[in-house]
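Q: The structure that follows is given in the form of structure tokens.
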Amino acid sequence: MTAWTAAGVEGLIAKSPRGRYTPGRRGWLKIKTRVGAEAIIGGVTGSISQPETVLLGRFDATGRLRHVGRSHPLSQRQQRELALVLSRSPQRRRGGIDHPWPQPLPAGWSGHFQKPEPLTYVQVEPTTVAEVDRHRARPTPLAPPRPPTLRLDLSVYDVPLLVDE
């Protein structure tokens with residue numbers, strides 16, 4: 001099943017061999033594939049105590065953290081979990097941290113395509129890994145995207161390198 005995700009197949013529909021389709025009734029089972037990817041949290045919108053979205057990156061072959069995207073809005077539970085992790089990590093050294101991303105992010109990096117404009121954000125020390133769900137290209141109101149999940153079991157060095165294509 002996972003071999004077909006690149007072709008756009010999102011999953012399988014299964015039913016009993018003797019089952020029949022009955023309009024308006026649920027009798028079939030929908031099995032969706034889930035493709036996740038790990039990334040490093042390099043910044044947040046909002047504040048460290050109440051992050052709204054996370055800015056994600058991956059190291060390239062030279063060891064530079066490159067911006068790869070922005071999450072969907074975090075739930076309140078995720079905001080609390082992330083705030084605890086970010087508040088425990090050393091945020092600022094004397095004179096600030098050496099961060100590879102510009103402040104604000106250029107308009108093309110922000111992830112807003114209808115109204116591209118520079119994005120002001122809070123830079124964080126890139127020590128936390130998150131897993132993002134990549135299985136939906138276009139989420140619908142009935143199936144919103146899954147916000148990122150913290151992966152405290154992973155080091156930033158466990159995250160695959162960004163490969164330029």
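Please note that chains go A, B, ... in the order of the structure tokens, that every chain numbers its residues from 1, and that ligands are numbered from 1 in the order shown.
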Can you build me a table of segment 28-125 of chain A residues sitting at most 7 Å from segment 156-161 of chain A, with the closest atom pair per residue and its distance in Å to one decimal, using only C-alpha atoms, sorted by chain and residue number, as a tab-separated table?
A:
residue	atom	partner	partner_atom	distance
A:Glu38	CA	A:Val159	CA	5.8
A:Ala39	CA	A:Val159	CA	6.3
A:Ile40	CA	A:Val156	CA	6.3
A:Arg58	CA	A:Leu161	CA	6.1
A:Phe59	CA	A:Leu161	CA	5.3
A:Asp60	CA	A:Leu161	CA	5.4
A:Ala61	CA	A:Leu161	CA	6.6
Q: Just the selected residues (N, CA and C atoms), exported as a short mmCIF file (atom, residue, chain, number, x, y, z; two decimals), in the first residue's frame, please.
A:
data_model
loop_
_atom_site.label_atom_id
_atom_site.label_comp_id
_atom_site.auth_asym_id
_atom_site.auth_seq_id
_atom_site.Cartn_x
_atom_site.Cartn_y
_atom_site.Cartn_z
N GLU A 38 10.42 13.87 9.86
CA GLU A 38 10.95 14.59 11.00
C GLU A 38 11.61 15.88 10.54
N ALA A 39 11.53 16.89 11.38
CA ALA A 39 12.17 18.18 11.12
C ALA A 39 12.55 18.80 12.45
N ILE A 40 13.41 19.79 12.40
CA ILE A 40 13.93 20.46 13.58
C ILE A 40 13.20 21.79 13.76
N ARG A 58 15.81 21.48 8.36
CA ARG A 58 16.67 20.30 8.29
C ARG A 58 18.07 20.75 7.97
N PHE A 59 19.05 20.02 8.49
CA PHE A 59 20.43 20.31 8.14
C PHE A 59 20.71 19.88 6.71
N ASP A 60 21.51 20.66 5.99
CA ASP A 60 21.94 20.24 4.66
C ASP A 60 23.28 19.51 4.81
N ALA A 61 23.87 19.13 3.71
CA ALA A 61 25.12 18.34 3.74
C ALA A 61 26.27 19.11 4.36
#
Q: Report, in Å to a single decimal, how far apart atom CA of Leu74 of chain A and atom CA of Val54 of chain A are.
A: 8.1 Å
Q: Name the residues in contact with Leu119 of chain A at a cut-off of 12 Å, using only C-alpha atoms, excluding same-chain residues fewer than 4 positions from it; report them as a PDB file with C-alpha atoms, in the first residue's frame.
A:
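Output below, filename result-v1.pdb:
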ATOM      1  CA  GLY A  43      11.441  29.085  15.439  1.00  0.00           C
ATOM      2  CA  VAL A  44       7.865  29.751  16.457  1.00  0.00           C
ATOM      3  CA  THR A  45       5.249  32.332  15.653  1.00  0.00           C
ATOM      4  CA  GLY A  46       3.513  33.812  18.648  1.00  0.00           C
ATOM      5  CA  THR A  53       2.962  27.590  14.713  1.00  0.00           C
ATOM      6  CA  LEU A  55       9.036  26.872  11.766  1.00  0.00           C
ATOM      7  CA  ARG A  70       5.849  25.953   8.677  1.00  0.00           C
ATOM      8  CA  TRP A 101      17.558  32.181   9.379  1.00  0.00           C
ATOM      9  CA  PRO A 102      16.921  35.875   8.771  1.00  0.00           C
ATOM     10  CA  GLN A 103      14.563  37.884  10.952  1.00  0.00           C
ATOM     11  CA  PRO A 104      11.913  38.350   9.644  1.00  0.00           C
ATOM     12  CA  LEU A 105      11.636  35.417   7.254  1.00  0.00           C
ATOM     13  CA  PRO A 106      11.451  36.534   3.612  1.00  0.00           C
ATOM     14  CA  ALA A 107       7.971  36.637   2.099  1.00  0.00           C
ATOM     15  CA  GLY A 108       8.528  33.502  -0.009  1.00  0.00           C
ATOM     16  CA  TRP A 109       9.443  31.442   3.069  1.00  0.00           C
ATOM     17  CA  SER A 110       6.375  32.209   5.182  1.00  0.00           C
ATOM     18  CA  GLY A 111       4.051  29.615   3.640  1.00  0.00           C
ATOM     19  CA  HIS A 112       1.309  32.147   2.876  1.00  0.00           C
ATOM     20  CA  LYS A 115      -0.727  37.173   0.713  1.00  0.00           C
ATOM     21  CA  GLN A 123      14.135  32.231  16.946  1.00  0.00           C
TER      22      GLN A 123
END
